[in-house]
$ cat final_21.cif   # mmCIF, C-alpha atoms and all ligand atoms
data_target
#
loop_
_atom_site.label_atom_id
_atom_site.label_comp_id
_atom_site.auth_asym_id
_atom_site.auth_seq_id
_atom_site.Cartn_x
_atom_site.Cartn_y
_atom_site.Cartn_z
CA MET A 1 -96.41 -14.69 -7.34
CA THR A 2 -93.36 -15.55 -9.43
CA LYS A 3 -93.24 -19.24 -10.20
CA SER A 4 -89.97 -20.77 -9.09
CA GLY A 5 -90.87 -24.44 -9.10
CA THR A 6 -93.49 -27.16 -9.29
CA VAL A 7 -94.33 -29.68 -6.61
CA ALA A 8 -96.31 -32.89 -7.09
CA ILE A 9 -98.33 -33.44 -3.94
CA LEU A 10 -99.07 -37.14 -3.32
CA PRO A 11 -100.97 -37.47 -0.01
CA GLY A 12 -101.43 -41.26 -0.11
CA ASP A 13 -103.19 -43.25 2.60
CA GLY A 14 -103.95 -43.28 6.33
CA ILE A 15 -102.55 -40.20 8.04
CA GLY A 16 -100.84 -39.19 4.75
CA PRO A 17 -103.58 -36.73 3.69
CA GLU A 18 -103.81 -35.22 7.20
CA VAL A 19 -100.10 -34.46 7.55
CA ILE A 20 -99.80 -33.35 3.91
CA GLU A 21 -102.66 -30.87 4.46
CA GLN A 22 -100.61 -29.11 7.14
CA ALA A 23 -97.46 -29.13 4.99
CA VAL A 24 -99.36 -27.62 2.06
CA ARG A 25 -100.64 -24.87 4.36
CA VAL A 26 -97.00 -24.08 5.16
CA ILE A 27 -96.13 -23.93 1.43
CA GLU A 28 -99.12 -21.67 0.75
CA HIS A 29 -98.10 -19.40 3.60
CA LEU A 30 -94.58 -19.09 2.18
CA ASN A 31 -96.01 -18.45 -1.29
CA GLN A 32 -98.14 -15.60 0.05
CA HIS A 33 -95.72 -14.05 2.50
CA ALA A 34 -92.21 -14.97 1.36
CA GLY A 35 -92.41 -15.29 -2.43
CA ALA A 36 -91.65 -19.02 -2.40
CA GLY A 37 -93.31 -19.35 -5.81
CA LEU A 38 -94.15 -23.04 -5.55
CA VAL A 39 -96.98 -24.36 -7.71
CA CYS A 40 -98.58 -27.49 -6.22
CA GLU A 41 -100.55 -30.12 -8.09
CA HIS A 42 -102.19 -33.08 -6.32
CA ALA A 43 -102.46 -36.73 -7.47
CA PRO A 44 -103.44 -40.02 -5.80
CA VAL A 45 -100.87 -42.66 -4.86
CA GLY A 46 -100.88 -45.97 -2.94
CA GLY A 47 -104.07 -47.67 -1.83
CA THR A 48 -106.13 -44.57 -2.52
CA ALA A 49 -104.91 -44.63 -6.13
CA TYR A 50 -105.67 -48.34 -6.37
CA ASP A 51 -109.25 -47.71 -5.23
CA LEU A 52 -109.69 -44.93 -7.79
CA HIS A 53 -107.73 -46.26 -10.77
CA GLY A 54 -106.88 -49.91 -10.08
CA HIS A 55 -103.13 -49.23 -9.66
CA PRO A 56 -101.03 -47.81 -6.77
CA LEU A 57 -99.04 -45.63 -9.19
CA PRO A 58 -101.36 -44.61 -12.03
CA ALA A 59 -99.71 -43.38 -15.25
CA GLU A 60 -101.00 -39.81 -14.64
CA THR A 61 -99.44 -39.73 -11.16
CA LEU A 62 -96.07 -40.95 -12.48
CA ALA A 63 -96.23 -38.40 -15.33
CA LEU A 64 -96.94 -35.59 -12.84
CA ALA A 65 -94.07 -36.76 -10.62
CA LYS A 66 -91.70 -36.81 -13.58
CA ARG A 67 -92.58 -33.35 -14.85
CA SER A 68 -92.48 -31.70 -11.40
CA ASP A 69 -89.29 -30.35 -9.80
CA ALA A 70 -90.06 -32.08 -6.51
CA ILE A 71 -92.50 -34.57 -5.01
CA LEU A 72 -93.99 -34.28 -1.54
CA LEU A 73 -95.41 -37.62 -0.43
CA GLY A 74 -97.45 -38.43 2.69
CA ALA A 75 -97.41 -42.19 3.27
CA VAL A 76 -98.90 -45.27 1.67
CA GLY A 77 -100.33 -48.57 2.84
CA GLY A 78 -102.89 -50.00 5.22
CA PRO A 79 -104.71 -53.20 6.15
CA LYS A 80 -107.34 -52.64 3.46
CA TRP A 81 -104.81 -53.38 0.70
CA GLU A 82 -102.62 -56.01 2.39
CA SER A 83 -104.18 -58.97 0.59
CA LEU A 84 -103.68 -57.53 -2.90
CA PRO A 85 -101.14 -59.23 -5.18
CA ARG A 86 -97.62 -57.92 -4.45
CA GLU A 87 -97.39 -55.81 -7.62
CA LEU A 88 -100.60 -53.93 -6.76
CA ARG A 89 -99.79 -53.20 -3.11
CA PRO A 90 -99.47 -49.53 -2.14
CA GLU A 91 -95.77 -49.88 -1.22
CA ARG A 92 -94.95 -50.79 -4.84
CA ALA A 93 -95.67 -47.17 -5.76
CA LEU A 94 -92.75 -46.01 -3.63
CA LEU A 95 -90.28 -48.49 -5.13
CA ALA A 96 -91.47 -47.63 -8.63
CA LEU A 97 -91.14 -43.87 -8.04
CA ARG A 98 -87.59 -44.31 -6.68
CA SER A 99 -86.37 -46.47 -9.53
CA GLU A 100 -88.30 -44.71 -12.35
CA MET A 101 -86.84 -41.39 -11.27
CA ASN A 102 -83.39 -42.67 -10.35
CA LEU A 103 -83.62 -41.33 -6.81
CA PHE A 104 -80.36 -42.92 -5.68
CA ALA A 105 -79.45 -40.72 -2.69
CA ASN A 106 -81.57 -41.10 0.42
CA LEU A 107 -81.00 -38.40 3.01
CA ARG A 108 -82.21 -39.00 6.54
CA PRO A 109 -81.30 -36.38 9.10
CA ALA A 110 -81.56 -37.25 12.77
CA ILE A 111 -81.96 -34.02 14.70
CA LEU A 112 -82.95 -33.83 18.31
CA PHE A 113 -84.86 -30.66 19.17
CA PRO A 114 -83.82 -29.46 22.63
CA GLU A 115 -87.44 -29.49 23.82
CA LEU A 116 -87.68 -33.21 23.09
CA VAL A 117 -84.55 -34.46 24.85
CA ALA A 118 -86.72 -36.38 27.30
CA ALA A 119 -88.40 -38.26 24.42
CA SER A 120 -85.17 -40.12 23.59
CA THR A 121 -84.40 -43.44 25.25
CA LEU A 122 -80.75 -42.37 25.60
CA LYS A 123 -79.30 -40.16 28.34
CA PRO A 124 -79.70 -36.42 27.69
CA GLU A 125 -75.92 -35.82 27.66
CA VAL A 126 -75.48 -38.44 24.92
CA VAL A 127 -78.14 -37.05 22.57
CA SER A 128 -78.72 -33.37 23.33
CA GLY A 129 -77.60 -31.27 20.38
CA LEU A 130 -77.63 -34.30 18.06
CA ASP A 131 -77.66 -33.31 14.37
CA LEU A 132 -76.45 -35.97 11.97
CA MET A 133 -77.26 -36.88 8.38
CA ILE A 134 -77.28 -40.36 6.95
CA VAL A 135 -76.77 -40.52 3.18
CA ARG A 136 -77.89 -43.96 2.07
CA GLU A 137 -77.48 -45.38 -1.43
CA LEU A 138 -81.01 -46.28 -2.47
CA THR A 139 -81.14 -47.92 -5.89
CA GLY A 140 -78.29 -50.46 -5.81
CA GLY A 141 -76.53 -52.93 -3.54
CA ILE A 142 -77.88 -56.19 -2.21
CA TYR A 143 -81.54 -55.16 -2.52
CA PHE A 144 -81.22 -55.14 -6.30
CA GLY A 145 -78.12 -57.31 -6.99
CA LYS A 146 -78.38 -60.41 -9.15
CA PRO A 147 -78.27 -63.37 -8.97
CA ARG A 148 -80.82 -63.69 -6.20
CA GLY A 149 -83.26 -66.38 -5.24
CA ILE A 150 -83.84 -69.63 -3.41
CA ARG A 151 -82.62 -72.79 -5.13
CA THR A 152 -82.98 -76.43 -4.27
CA GLU A 153 -79.71 -78.36 -4.18
CA ALA A 154 -79.23 -81.89 -5.52
CA ASP A 155 -79.66 -83.30 -2.00
CA GLY A 156 -82.97 -81.45 -1.56
CA THR A 157 -81.76 -78.71 0.85
CA ARG A 158 -82.71 -75.18 -0.13
CA THR A 159 -80.21 -72.31 -0.38
CA GLY A 160 -81.18 -68.64 -0.31
CA PHE A 161 -78.81 -66.13 -1.94
CA ASN A 162 -78.48 -62.43 -2.75
CA THR A 163 -75.66 -60.45 -4.28
CA MET A 164 -74.12 -57.33 -2.80
CA VAL A 165 -72.88 -55.44 -5.84
CA TYR A 166 -71.75 -51.86 -6.53
CA ASN A 167 -69.97 -50.48 -9.55
CA GLU A 168 -67.62 -47.50 -9.46
CA THR A 169 -70.18 -45.12 -10.97
CA GLU A 170 -72.76 -45.91 -8.30
CA ILE A 171 -70.23 -45.45 -5.50
CA ARG A 172 -68.82 -42.26 -6.97
CA ARG A 173 -72.20 -40.52 -7.33
CA ILE A 174 -73.38 -41.31 -3.79
CA ALA A 175 -69.99 -40.22 -2.41
CA GLU A 176 -70.22 -36.96 -4.39
CA ALA A 177 -73.71 -36.38 -2.92
CA ALA A 178 -72.41 -36.93 0.61
CA PHE A 179 -69.42 -34.59 0.20
CA GLN A 180 -71.64 -31.88 -1.30
CA ILE A 181 -74.09 -32.16 1.59
CA SER A 182 -71.28 -32.02 4.13
CA ARG A 183 -70.31 -28.63 2.73
CA LEU A 184 -73.68 -27.32 3.93
CA ARG A 185 -72.91 -28.76 7.36
CA GLN A 186 -69.72 -29.40 9.39
CA ARG A 187 -67.64 -30.77 6.48
CA ARG A 188 -67.08 -34.21 8.00
CA VAL A 189 -67.95 -37.43 6.16
CA CYS A 190 -67.74 -40.90 7.68
CA SER A 191 -67.97 -43.69 5.10
CA VAL A 192 -69.39 -46.89 6.59
CA GLU A 193 -68.74 -50.35 5.09
CA LYS A 194 -67.22 -53.74 5.89
CA ALA A 195 -63.97 -53.57 3.93
CA ASN A 196 -62.22 -56.04 6.23
CA VAL A 197 -64.49 -58.82 4.94
CA LEU A 198 -66.25 -57.78 1.72
CA GLU A 199 -64.64 -57.05 -1.67
CA VAL A 200 -67.56 -54.79 -2.59
CA SER A 201 -66.68 -52.70 0.48
CA GLU A 202 -63.01 -52.65 -0.48
CA LEU A 203 -63.94 -51.02 -3.78
CA TRP A 204 -66.37 -48.72 -1.94
CA ARG A 205 -63.57 -47.49 0.34
CA GLU A 206 -61.18 -46.97 -2.58
CA ILE A 207 -63.67 -44.93 -4.63
CA VAL A 208 -64.93 -42.86 -1.68
CA SER A 209 -61.31 -42.01 -0.82
CA ASP A 210 -60.71 -41.01 -4.42
CA VAL A 211 -63.78 -38.74 -4.46
CA GLY A 212 -62.63 -37.33 -1.12
CA ARG A 213 -59.40 -36.07 -2.70
CA GLY A 214 -61.57 -33.65 -4.69
CA TYR A 215 -62.89 -32.22 -1.41
CA PRO A 216 -59.76 -31.22 0.55
CA ASP A 217 -61.92 -29.00 2.77
CA VAL A 218 -63.95 -32.02 3.99
CA GLN A 219 -62.60 -34.42 6.59
CA LEU A 220 -63.13 -38.05 5.52
CA SER A 221 -63.05 -41.05 7.85
CA HIS A 222 -63.92 -44.73 7.37
CA MET A 223 -65.67 -47.03 9.81
CA TYR A 224 -66.76 -50.68 9.74
CA VAL A 225 -70.52 -51.05 10.00
CA ASP A 226 -70.43 -53.14 13.18
CA ASN A 227 -68.43 -50.42 14.93
CA ALA A 228 -70.65 -47.69 13.43
CA SER A 229 -73.77 -49.28 14.91
CA MET A 230 -72.08 -49.32 18.30
CA GLN A 231 -70.81 -45.74 18.00
CA LEU A 232 -74.29 -44.50 17.00
CA ILE A 233 -75.63 -45.62 20.34
CA LYS A 234 -72.52 -44.81 22.37
CA ALA A 235 -71.54 -41.38 21.05
CA PRO A 236 -73.80 -40.32 18.17
CA LYS A 237 -72.67 -36.68 18.26
CA GLN A 238 -69.26 -37.65 16.79
CA PHE A 239 -70.95 -37.94 13.36
CA ASP A 240 -71.79 -35.20 10.89
CA VAL A 241 -72.52 -37.02 7.58
CA ILE A 242 -72.53 -40.82 7.31
CA VAL A 243 -72.43 -42.22 3.77
CA THR A 244 -73.22 -45.88 3.30
CA SER A 245 -74.76 -48.55 1.11
CA ASN A 246 -78.41 -49.52 0.76
CA LEU A 247 -78.49 -52.38 3.32
CA PHE A 248 -76.22 -50.79 5.93
CA GLY A 249 -78.04 -47.45 5.54
CA ASP A 250 -81.43 -49.05 5.98
CA ILE A 251 -80.43 -50.46 9.35
CA LEU A 252 -78.31 -47.56 10.62
CA SER A 253 -80.87 -44.91 9.70
CA ASP A 254 -83.60 -46.64 11.69
CA ALA A 255 -81.27 -46.87 14.68
CA ALA A 256 -80.32 -43.19 14.28
CA SER A 257 -83.93 -42.10 13.97
CA MET A 258 -84.82 -43.62 17.31
CA LEU A 259 -82.11 -41.53 18.99
CA THR A 260 -84.48 -38.63 18.51
CA GLY A 261 -87.39 -40.26 20.29
CA SER A 262 -90.26 -40.01 17.83
CA ILE A 263 -90.81 -41.16 14.29
CA GLY A 264 -93.33 -38.32 13.93
CA MET A 265 -90.47 -35.77 13.82
CA LEU A 266 -88.28 -37.20 11.04
CA PRO A 267 -88.20 -35.96 7.45
CA SER A 268 -86.38 -37.56 4.52
CA ALA A 269 -85.34 -36.84 0.96
CA SER A 270 -84.51 -39.08 -1.98
CA LEU A 271 -82.56 -37.25 -4.68
CA ASP A 272 -81.41 -37.84 -8.23
CA ALA A 273 -78.22 -36.47 -9.79
CA ASN A 274 -79.86 -33.08 -10.51
CA GLN A 275 -81.23 -32.40 -7.03
CA LYS A 276 -84.71 -33.33 -8.15
CA GLY A 277 -86.22 -35.22 -5.29
CA MET A 278 -88.98 -36.93 -3.43
CA TYR A 279 -89.57 -35.68 0.12
CA GLU A 280 -91.53 -37.61 2.70
CA PRO A 281 -91.82 -38.23 6.42
CA VAL A 282 -89.97 -41.36 7.60
CA HIS A 283 -93.12 -42.76 9.20
CA GLY A 284 -95.79 -44.84 7.50
CA SER A 285 -99.53 -44.34 7.11
CA ALA A 286 -100.28 -45.14 10.78
CA PRO A 287 -103.75 -46.65 10.17
CA ASP A 288 -104.17 -46.99 13.95
CA ILE A 289 -104.51 -43.21 14.34
CA ALA A 290 -105.75 -42.13 10.88
CA GLY A 291 -108.64 -39.67 10.63
CA ARG A 292 -108.54 -38.64 14.28
CA ASN A 293 -106.56 -35.39 14.15
CA VAL A 294 -103.82 -36.85 16.38
CA ALA A 295 -100.98 -37.47 13.87
CA ASN A 296 -97.84 -35.38 14.23
CA PRO A 297 -97.44 -33.28 11.04
CA LEU A 298 -93.93 -32.03 11.88
CA ALA A 299 -92.00 -34.73 9.94
CA THR A 300 -93.90 -33.72 6.81
CA ILE A 301 -93.50 -30.00 7.48
CA LEU A 302 -89.75 -30.57 8.01
CA SER A 303 -89.70 -32.49 4.70
CA VAL A 304 -90.87 -29.24 3.05
CA ALA A 305 -87.83 -27.53 4.61
CA MET A 306 -85.54 -30.20 3.10
CA MET A 307 -87.23 -29.69 -0.26
CA LEU A 308 -86.71 -25.94 -0.19
CA ARG A 309 -83.04 -26.38 0.72
CA SER A 310 -82.08 -29.27 -1.60
CA THR A 311 -84.24 -28.85 -4.72
CA PHE A 312 -85.04 -25.14 -4.71
CA GLY A 313 -81.87 -23.73 -3.15
CA ARG A 314 -83.90 -21.75 -0.62
CA SER A 315 -81.97 -22.39 2.60
CA ASP A 316 -83.41 -19.14 3.94
CA LEU A 317 -86.97 -20.47 3.79
CA ALA A 318 -85.90 -23.92 5.02
CA THR A 319 -84.35 -22.35 8.10
CA ARG A 320 -87.51 -20.31 8.66
CA ILE A 321 -89.60 -23.47 8.73
CA GLU A 322 -87.17 -25.24 11.07
CA ASN A 323 -87.17 -22.25 13.41
CA ALA A 324 -90.97 -22.11 13.33
CA VAL A 325 -91.12 -25.80 14.31
CA ARG A 326 -88.68 -25.10 17.15
CA GLN A 327 -90.81 -22.20 18.30
CA ALA A 328 -94.04 -24.21 18.22
CA LEU A 329 -92.32 -26.81 20.43
CA ALA A 330 -90.78 -24.15 22.66
CA ILE A 331 -94.15 -22.62 23.51
CA GLY A 332 -95.36 -26.06 24.52
CA HIS A 333 -97.18 -27.55 21.55
CA ARG A 334 -97.00 -31.34 21.62
CA THR A 335 -98.87 -33.90 19.58
CA ARG A 336 -99.67 -37.09 21.45
CA ASP A 337 -96.56 -38.99 20.26
CA ILE A 338 -94.15 -36.41 21.74
CA ALA A 339 -96.12 -35.37 24.81
CA ALA A 340 -94.87 -36.26 28.27
CA ALA A 341 -97.37 -37.41 30.88
CA GLY A 342 -99.54 -34.48 31.92
CA ASP A 343 -98.63 -32.25 28.93
CA PRO A 344 -101.58 -30.62 27.16
CA VAL A 345 -101.91 -32.26 23.75
CA SER A 346 -102.31 -30.49 20.40
CA GLY A 347 -104.04 -32.10 17.44
CA THR A 348 -102.66 -32.30 13.89
CA ASN A 349 -104.43 -29.09 12.85
CA GLU A 350 -103.43 -27.19 15.99
CA MET A 351 -99.78 -28.11 15.46
CA GLY A 352 -100.09 -26.83 11.87
CA ASP A 353 -101.66 -23.60 13.21
CA ALA A 354 -98.79 -23.20 15.70
CA VAL A 355 -96.10 -23.58 13.01
CA ILE A 356 -97.85 -21.12 10.71
CA ALA A 357 -98.29 -18.62 13.53
CA ALA A 358 -94.56 -18.92 14.26
CA LEU A 359 -93.70 -18.43 10.59
P1 LIG A 401 -96.08 -46.47 10.93
O1 LIG A 401 -94.90 -45.60 10.81
O2 LIG A 401 -97.24 -46.15 10.06
O3 LIG A 401 -96.59 -46.49 12.45
C1 LIG A 401 -95.77 -46.96 13.53
C2 LIG A 401 -96.28 -46.35 14.84
O4 LIG A 401 -95.93 -44.96 14.88
C3 LIG A 401 -97.80 -46.40 14.99
O5 LIG A 401 -98.11 -46.61 16.34
C4 LIG A 401 -98.26 -45.02 14.59
O6 LIG A 401 -99.46 -44.61 15.20
C5 LIG A 401 -97.08 -44.16 15.01
N1 LIG A 401 -96.90 -43.00 14.12
C6 LIG A 401 -96.43 -43.03 12.86
N2 LIG A 401 -96.43 -41.79 12.33
C7 LIG A 401 -96.90 -40.97 13.29
C8 LIG A 401 -97.16 -39.57 13.35
N3 LIG A 401 -96.91 -38.74 12.31
N4 LIG A 401 -97.66 -39.07 14.47
C9 LIG A 401 -97.90 -39.86 15.53
N5 LIG A 401 -97.69 -41.18 15.55
C10 LIG A 401 -97.20 -41.74 14.43
O7 LIG A 401 -95.58 -47.98 10.65
P2 LIG A 401 -96.41 -49.34 10.56
O8 LIG A 401 -97.51 -49.34 11.55
O9 LIG A 401 -95.40 -50.40 10.57
O10 LIG A 401 -97.04 -49.33 9.08
C11 LIG A 401 -98.36 -48.89 8.78
C12 LIG A 401 -98.53 -48.88 7.27
O11 LIG A 401 -97.64 -47.91 6.70
C13 LIG A 401 -98.17 -50.21 6.60
O12 LIG A 401 -99.11 -50.44 5.57
C14 LIG A 401 -96.79 -49.98 6.05
O13 LIG A 401 -96.50 -50.78 4.94
C15 LIG A 401 -96.85 -48.53 5.67
N6 LIG A 401 -95.56 -47.83 5.62
C16 LIG A 401 -95.43 -46.89 4.66
C17 LIG A 401 -94.28 -46.13 4.59
C18 LIG A 401 -94.20 -45.05 3.56
O14 LIG A 401 -95.20 -44.72 2.96
N7 LIG A 401 -93.06 -44.47 3.33
C19 LIG A 401 -93.24 -46.33 5.51
C20 LIG A 401 -93.42 -47.30 6.53
C21 LIG A 401 -94.58 -48.04 6.57
#

$ encode --input "final_21.cif" --output "structure tokens" --more "lines below"
Ligand code: NAD
Amino acid sequence: MTKSGTVAILPGDGIGPEVIEQAVRVIEHLNQHAGAGLVCEHAPVGGTAYDLHGHPLPAETLALAKRSDAILLGAVGGPKWESLPRELRPERALLALRSEMNLFANLRPAILFPELVAASTLKPEVVSGLDLMIVRELTGGIYFGKPRGIRTEADGTRTGFNTMVYNETEIRRIAEAAFQISRLRQRRVCSVEKANVLEVSELWREIVSDVGRGYPDVQLSHMYVDNASMQLIKAPKQFDVIVTSNLFGDILSDAASMLTGSIGMLPSASLDANQKGMYEPVHGSAPDIAGRNVANPLATILSVAMMLRSTFGRSDLATRIENAVRQALAIGHRTRDIAAAGDPVSGTNEMGDAVIAAL
């Protein structure tokens, strides 16, 4: 096997290890049969890492993540670690990985597989064929802006405050990421902000427009976030790529993900400026179903496809994985979360088997 890249595998907690196991089987299959050339190395993260090393992101795990080309993460968290001090909770590992590695571009596709149209809460004609990508800025904006806090005024009332802040460089790099991605898709970018009210959005619109002039082949539009949330529910297929800030993206991407019916189907990527990235399913560690071979591994398997396309430039292999997932669904495999009443139900391992057989 020719080595073409390294992947840090961080299974994490709850269903994380179960879904990662199936994704690693897919990688190994592609190594053996398609010359993928990916070298995987495992390390603990989250609550599991805390139990082993007293910290949710041990130094060795961070070092492995930094020296690898890509990270594949399962999920972190669970009731066992909820009473730990905030800085030792499993979720801190995710925030630390994102900021330590400058993973500023969060990509969340919302794709509805034809076989799962009935799983959406929206009418089939509104969602069938849905394929949109939300590009969310991940390391700036109001979640990080200063000043922030809760102060007590002279009269004793308390005031909470946060700061929504973006500089030109931050806006430019996320806009560049969105335009680049749109070139792999339908070449349409919709920038979402609130420029009628917020100065930070005014600057956002100006810089995105400026970046857009460098991409004459891509159609750029602008939309206020309140309208965008309405349009996502009313006519989601009008969108190709949505680029937006941290707060707006957080909310819109959750709304978009539910258009597809199940959280168990949704992959995500968080990228730096050099296409190095962390790939993970959108869902959490699902402690309610952990260890029972019922978790849907497809979000994690589809995260491997995103990794091959974005970090390793192997769109051919990414498409093979996506087609294999489609085929597994087409011949009737359903984990419990996507099964309709009366459908036979496949377990986590069986779904992995079905994808590998289709590959
Ligand atoms: P969750 O996503 O873990 O679960 C929500 C619901 O969806 C549950 O009913 C669960 O059984 C179901 N579900 C999730 N993934 C599934 C899958 N692959 N197949 C089938 N069903 C699936 O969210 P939650 O319950 O709010 O959080 C549980 C823990 O996960 C918490 O500790 C939370 O902090 C953590 N969390 C971690 C991440 C992450 O690691 N990126 C993200 C969200 C939540």

$ closest_residue --input "final_21.cif" --among "A:Ile134, A:Leu308, A:Ile111, A:Ala290" --to "ligand LIG 401 (chain A)" --atoms "only C-alpha atoms and all ligand atoms"
A:Ala290

$ axis_aligned_box --input "final_21.cif" --around "segment 203-222 of chain A" --padding-each-side "8 Å" --output "lines of an AutoDock Vina configuration file"
center_x = -62.9
center_y = -40.0
center_z = 1.6
size_x = 23.0
size_y = 38.0
size_z = 28.5

$ residues_near_ligand --input "final_21.cif" --ligand "ligand LIG 401 (chain A)" --cutoff "7 Å" --atoms "only C-alpha atoms and all ligand atoms" --output "PyMOL selection string"
chain A and resi 74-79+91+263-264+282-289+294-297+299+336-337

$ residues_around --input "final_21.cif" --residues "Val325 of chain A" --least-positions-apart "6" --cutoff "9 Å" --atoms "only C-alpha atoms" --output "PyMOL selection string"
chain A and resi 298+301-302+354-356+358-359

$ residues_near_point --input "final_21.cif" --point "(-85.4, -23.1, 17.7)" --cutoff "12 Å" --atoms "all atoms listed in the file" --output "PyMOL selection string"
chain A and resi 111-116+129+319-331+355+358-359

$ residues_around --input "final_21.cif" --residues "His29 of chain A" --least-positions-apart "2" --cutoff "12 Å" --atoms "all atoms listed in the file" --output "ChimeraX atom specification"
/A:22-27,31-38,317,320-321,352-353,355-359

$ residues_around --input "final_21.cif" --residues "Arg148 of chain A" --least-positions-apart "5" --cutoff "7 Å" --atoms "all atoms listed in the file" --output "VMD selection string"
chain A and resid 161 to 163

$ write_last_selection --input "final_21.cif" --atoms "C-alpha atoms" --output "PDB file, in the frame of the given file"
ATOM      1  CA  PHE A 161     -78.810 -66.130  -1.940  1.00  0.00           C
ATOM      2  CA  ASN A 162     -78.480 -62.430  -2.750  1.00  0.00           C
ATOM      3  CA  THR A 163     -75.660 -60.450  -4.280  1.00  0.00           C
TER       4      THR A 163
END

$ atom_distance --input "final_21.cif" --atom1 "atom CA of Gly5 of chain A" --atom2 "atom CA of Leu271 of chain A"
15.9 Å

$ closest_atom_pairs --input "final_21.cif" --of "segment 53-157 of chain A" --to "segment 167-188 of chain A" --cutoff "12 Å" --atoms "all atoms listed in the file" --output "CSV"
residue,atom,partner,partner_atom,distance
A:Asn102,CA,A:Glu170,CA,11.3
A:Leu103,CA,A:Ile174,CA,10.7
A:Phe104,CA,A:Ile174,CA,7.4
A:Ala105,CA,A:Ile174,CA,6.2
A:Asn106,CA,A:Ile174,CA,9.2
A:Leu107,CA,A:Ala178,CA,9.0
A:Arg108,CA,A:Ala178,CA,11.6
A:Pro109,CA,A:Ile181,CA,11.2
A:Asp131,CA,A:Arg185,CA,9.6
A:Leu132,CA,A:Arg185,CA,9.3
A:Met133,CA,A:Ser182,CA,8.8
A:Ile134,CA,A:Ala178,CA,8.7
A:Val135,CA,A:Ala178,CA,6.2
A:Arg136,CA,A:Ile174,CA,7.9
A:Glu137,CA,A:Ile174,CA,6.2
A:Leu138,CA,A:Ile174,CA,9.2
A:Thr139,CA,A:Glu170,CA,8.9
A:Gly140,CA,A:Glu170,CA,7.6
A:Gly141,CA,A:Asn167,CA,9.2
A:Gly145,CA,A:Asn167,CA,10.9

$ closest_atom_pairs --input "final_21.cif" --of "segment 245-301 of chain A" --to "segment 217-232 of chain A" --cutoff "9 Å" --atoms "only C-alpha atoms" --output "tab-separated table"
residue	atom	partner	partner_atom	distance
A:Phe248	CA	A:Val225	CA	7.0
A:Ile251	CA	A:Ser229	CA	8.8
A:Leu252	CA	A:Ser229	CA	6.5
A:Ala255	CA	A:Leu232	CA	7.7
A:Ala256	CA	A:Leu232	CA	6.7
A:Leu259	CA	A:Leu232	CA	8.6

$ atom_distance --input "final_21.cif" --atom1 "atom CA of Thr121 of chain A" --atom2 "atom CA of Ala235 of chain A"
13.7 Å

$ residues_around --input "final_21.cif" --residues "segment 93-98 of chain A" --least-positions-apart "3" --cutoff "7 Å" --atoms "only C-alpha atoms" --output "PyMOL selection string"
chain A and resi 45-46+56-57+90+101-103

$ write_last_selection --input "final_21.cif" --atoms "C-alpha atoms" --output "CSV table (one decimal), in the frame of the given file"
chain,number,residue,atom,x,y,z
A,45,VAL,CA,-100.9,-42.7,-4.9
A,46,GLY,CA,-100.9,-46.0,-2.9
A,56,PRO,CA,-101.0,-47.8,-6.8
A,57,LEU,CA,-99.0,-45.6,-9.2
A,90,PRO,CA,-99.5,-49.5,-2.1
A,101,MET,CA,-86.8,-41.4,-11.3
A,102,ASN,CA,-83.4,-42.7,-10.4
A,103,LEU,CA,-83.6,-41.3,-6.8

$ residues_around --input "final_21.cif" --residues "segment 198-204 of chain A" --least-positions-apart "2" --cutoff "9 Å" --atoms "all atoms listed in the file" --output "list in words"
Met164, Val165, Tyr166, Asn167, Glu168, Ile171, Arg172, Ser191, Val192, Glu193, Lys194, Ala195, Asn196, Glu206, Ile207, Val208, Ser209 and Ser245 of chain A

$ atom_distance --input "final_21.cif" --atom1 "atom CA of Ile233 of chain A" --atom2 "atom CA of Ser257 of chain A"
11.0 Å

$ closest_residue --input "final_21.cif" --among "A:Glu82, A:Asp210, A:Glu350, A:Asp13" --to "Gly332 of chain A" --atoms "all atoms listed in the file"
A:Glu350

$ closest_residue --input "final_21.cif" --among "A:Glu87, A:Ala273, A:Ile9, A:Ala110" --to "Val241 of chain A" --atoms "all atoms listed in the file"
A:Ala110

$ closest_residue --input "final_21.cif" --among "A:Val19, A:Ile338, A:Ala70, A:Leu10" --to "Thr48 of chain A" --atoms "only C-alpha atoms"
A:Leu10
